[in-house]
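Asker: I have a structure I would like to understand better, so I am pasting it below and will then ask my questions one at a time.
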Amino acid sequence: MVEFRPVAGFEYDTGVAGDFADLIAPPYDVIDEAARRKLASKSPYNIVHITLPEARGDIDKYAAAGEILSGWKARGALVRSGPTFYVIEQRFETAGKTLTRTGVLGQARLSRWREAGIYPHEVTLPKPKADRLALYRATKVAPGPSFSLFEDSGGAVARTLEQAKAGAPWRETDGPEGSHDRIWKIAGGSAQRLSELFANERFFIADGHHRYETALAYRDELARSGALAPDHPANFVLMCAVPFDDPGLVILPTHRLLHLEDQADVRAGLEALEAEYELRPVRRPSGSETARAAIVIYDGRAAYGLEMKAAAREAFRRAAGEVMSGLNVHEVVQKVLPRFFEDAAGAIDAEKIGYTHDAAEAERRVDEGEASAAVILAPVSVRQMAAVASAGMTMPPKSTYFYPKLPTGVVVKPLE
């Protein structure tokens, strides 16, 4: 099963680098250009200078990140820590409720998917992995964690984390997505005992598949130059683990925005859907009734809940299997998008399909003409995600959005 250890990495010295809130950032892949500028302006030590670097003079962005990182170390803004687990509590609001999610950040031994208790649930794309691999080569660090879920059936890990939270936090700050974050450290014998609790666990990757596969590719690249010692840092991936039953575990759906030539193409797509679906009028996407429909299409004039006809549903179940046929996001990719795009995969590559996690935003962008139509989805459940992973299957990209995102910059993991 999983080997999960404390991580000996680089931490910010806030006496040199400044306020911790100005140093952390969300994961690189949810930061657009405007957000990057805002983060970078907070501090010359903000982690975004490493995770999303910019070219400097005659050197490319990856080499620039390496130079910046070396400078931080030389000035004492980043200092080495001993082996440590980091308990991260995030308190946040969603859907009118205040929730708290608690995870533990450490390092997990890398393995091929499913070989040593680590399971994916999403398909990855080559371009982001190539980008991260170039960054790892230039900096020799992994700045951000993957995020996984595990069973903790007896609750021993959760109890240990709550015990750690009884003391004063090591860091307390506002998180990058509006959460209030508190962080504690577990080291020494306590860290060893916590590590032992994971001996029979499996990790299901919730977020950061690209970061995991990049770490694996980097390890394999080093290994081709010579055998790596078992404890070599490149044999491990930075990982934050959260129990399945954590009361603050929230998955937001990722809605699809369709960019078509004109409204005639939208109408043609809706008419094509009627061969296999009943289109039932529902409230606009931001209305409460949307939550009752697994798939809703909004065209700027009306919203329709899609209900697959019995014969079509049975044929889809036989073709996709019991697990995948129950996933609305798989159904959208296989059955809905092809009605609007002759080549749905090509449309994704050509960025004719956009994404948002906010149904009201999707509605607004259609109303304002930024998109032709929106496909609004109910969220995938945690257990559905685990069922897909356990069955050795994967969901399409952009299937899940775990909220809030973990902060990047708590600890930077060395790869050498």
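Please note that chains go A, B, ... in the order of the structure tokens, that every chain numbers its residues from 1, and that ligands are numbered from 1 in the order shown.
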Pick out the residues sitting within 8 Å of segment 290-305 of chain A, and hand them over as a PyMOL selection string; count only C-alpha atoms, and ignore anything fewer than 5 positions along from it in its own chain.

Answerer: chain A and resi 266+279-285+328+332+363+366-367+372-378

Asker: Please extract the residues of segment 283-328 of chain A with a backbone DSSP assignment of helix (DSSP H, G or I) and present them as a count of residues only.

Answerer: 21

Asker: Would you pick out the contacts of Gly175 of chain A at 8 Å or less, using only C-alpha atoms, so that residues sharing its chain but fewer than 6 positions from it are not included, and give the list as a PyMOL selection string?

Answerer: chain A and resi 21+24-25+90+181+407

Asker: I need the residues from that last selection saved to file as a PDB file, in the first residue's frame (with C-alpha atoms), if you can.

Answerer:
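So result-v3.pdb came out as:
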ATOM      1  CA  ALA A  21      -0.185  35.544   3.104  1.00  0.00           C
ATOM      2  CA  ILE A  24       1.483  31.610  -1.038  1.00  0.00           C
ATOM      3  CA  ALA A  25      -0.634  31.100  -4.164  1.00  0.00           C
ATOM      4  CA  GLN A  90      -8.989  25.379   5.756  1.00  0.00           C
ATOM      5  CA  ASP A 181      -5.927  28.547   6.787  1.00  0.00           C
ATOM      6  CA  PRO A 407      -2.031  26.712  -0.873  1.00  0.00           C
TER       7      PRO A 407
END

Asker: Which residue, A:Leu135, A:Leu306, A:Ala275, A:Ala206, has the smallest gap to Val382 of chain A when you use only C-alpha atoms?

Answerer: A:Ala206

Asker: List every residue of segment 48-145 of chain A that DSSP, applied to the backbone of this structure, assigns to strand (DSSP E), and report them as a PyMOL selection string.

Answerer: chain A and resi 78-80+84-94+97-109+118-119+141-142

Asker: Selected residues, C-alpha atoms, written as a CSV table (one decimal), in the first residue's frame, please.

Answerer:
chain,number,residue,atom,x,y,z
A,78,LEU,CA,13.9,29.8,1.9
A,79,VAL,CA,15.5,27.6,4.5
A,80,ARG,CA,15.7,23.8,4.9
A,84,THR,CA,7.9,17.3,8.8
A,85,PHE,CA,4.2,16.6,8.3
A,86,TYR,CA,2.1,19.7,7.8
A,87,VAL,CA,-1.5,19.7,9.1
A,88,ILE,CA,-3.5,22.1,7.0
A,89,GLU,CA,-6.9,23.3,8.2
A,90,GLN,CA,-9.0,25.4,5.8
A,91,ARG,CA,-12.2,27.1,7.0
A,92,PHE,CA,-14.3,28.5,4.2
A,93,GLU,CA,-17.9,29.3,3.1
A,94,THR,CA,-19.8,27.7,0.3
A,97,LYS,CA,-22.4,27.2,5.0
A,98,THR,CA,-19.2,27.5,6.9
A,99,LEU,CA,-17.1,24.3,6.5
A,100,THR,CA,-13.7,23.1,7.7
A,101,ARG,CA,-11.4,20.7,5.8
A,102,THR,CA,-8.3,19.2,7.3
A,103,GLY,CA,-5.5,17.4,5.4
A,104,VAL,CA,-1.9,16.4,6.1
A,105,LEU,CA,0.9,17.4,3.8
A,106,GLY,CA,3.9,15.0,3.4
A,107,GLN,CA,5.5,13.0,0.6
A,108,ALA,CA,4.4,9.7,-0.9
A,109,ARG,CA,6.6,7.2,-2.6
A,118,ILE,CA,-2.1,5.2,-5.7
A,119,TYR,CA,-5.1,5.6,-8.1
A,141,VAL,CA,12.2,21.3,-6.9
A,142,ALA,CA,8.5,20.5,-6.9

Asker: Out of A:Ala35, A:Ala40, A:Ala55, A:Leu125, which residue has the shortest atom-to-atom distance to Asp349 of chain A when counting only C-alpha atoms?

Answerer: A:Leu125

Asker: For Ala391 of chain A, find every residue with an atom within 12 Å (counting only C-alpha atoms), except residues of its own chain fewer than 2 positions away, and show them as a ChimeraX atom specification.

Answerer: /A:114,119-121,204,321-324,384-389,393-395

Asker: Keeping only C-alpha atoms, write the selected residues to a file as a CSV table (one decimal), in the first residue's frame.

Answerer:
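The resulting file, part_8.csv, is shown below:
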chain,number,residue,atom,x,y,z
A,114,ARG,CA,-2.3,1.3,-9.1
A,119,TYR,CA,-5.1,5.6,-8.1
A,120,PRO,CA,-5.9,8.3,-10.7
A,121,HIS,CA,-9.4,9.3,-11.7
A,204,PHE,CA,-7.1,8.3,-4.7
A,321,GLY,CA,-20.4,0.1,-18.2
A,322,GLU,CA,-22.2,0.6,-14.9
A,323,VAL,CA,-19.6,2.9,-13.3
A,324,MET,CA,-19.0,5.3,-16.2
A,384,GLN,CA,-18.2,8.2,-7.6
A,385,MET,CA,-14.7,9.4,-8.1
A,386,ALA,CA,-13.4,6.6,-5.9
A,387,ALA,CA,-15.5,4.0,-7.8
A,388,VAL,CA,-14.0,5.1,-11.1
A,389,ALA,CA,-10.5,5.0,-9.8
A,393,MET,CA,-11.0,3.8,-15.2
A,394,THR,CA,-10.5,7.6,-15.7
A,395,MET,CA,-12.8,10.5,-16.1

Asker: Which is closer to Asn46 of chain A than all the others in A:Val410, A:Arg171, A:Asp207, A:Thr139, using only C-alpha atoms?

Answerer: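 Ranked by minimum distance to Asn46 of chain A, first place goes to A:Val410.
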
Asker: Would you kindly return, as a PyMOL selection string, each protein, DNA or RNA residue with an atom no farther than 9 Å from any atom of Thr408 of chain A, considering only C-alpha atoms and excluding same-chain residues fewer than 5 positions away?

Answerer: chain A and resi 23-28+47-48+51+143-145+176

Asker: Pull C-alpha atoms from the residues just selected and write them as an mmCIF file, in the first residue's frame.

Answerer:
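Output saved as part.cif:
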data_model
loop_
_atom_site.group_PDB
_atom_site.id
_atom_site.type_symbol
_atom_site.label_atom_id
_atom_site.label_comp_id
_atom_site.auth_asym_id
_atom_site.auth_seq_id
_atom_site.Cartn_x
_atom_site.Cartn_y
_atom_site.Cartn_z
ATOM 1 C CA LEU A 23 3.994 34.392 -0.286
ATOM 2 C CA ILE A 24 1.483 31.610 -1.038
ATOM 3 C CA ALA A 25 -0.634 31.100 -4.164
ATOM 4 C CA PRO A 26 -3.219 28.699 -5.579
ATOM 5 C CA PRO A 27 -2.004 25.824 -7.780
ATOM 6 C CA TYR A 28 -0.440 27.130 -10.982
ATOM 7 C CA ILE A 47 5.736 31.357 -4.979
ATOM 8 C CA VAL A 48 4.076 32.269 -8.296
ATOM 9 C CA THR A 51 5.324 28.099 -10.397
ATOM 10 C CA PRO A 143 6.791 23.623 -5.501
ATOM 11 C CA GLY A 144 3.191 22.376 -5.283
ATOM 12 C CA PRO A 145 1.476 19.240 -3.952
ATOM 13 C CA PRO A 176 -5.523 31.899 -1.849
#

Asker: With a distance cut-off of 12 Å and only C-alpha atoms, select the neighbouring residues of Asp231 of chain A, excluding the residue or stretch itself and same-chain residues fewer than 2 positions from it, and output the selection as a PyMOL selection string.

Answerer: chain A and resi 3+5+7-8+107-110+227-229+233-236+415-416

Asker: For Thr400 of chain A, work out the shell of residues within 7 Å, counting only C-alpha atoms and skipping chain neighbours fewer than 5 positions away, then give it as a PyMOL selection string.

Answerer: chain A and resi 251-254+380

Asker: Given only C-alpha atoms as the basis, pick out the residue of A:Trp113, A:Ser190, A:Val157, A:Ala217 nearest to Phe203 of chain A.

Answerer: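 Of A:Trp113, A:Ser190, A:Val157, A:Ala217, the one nearest Phe203 of chain A is A:Trp113, counting only C-alpha atoms.
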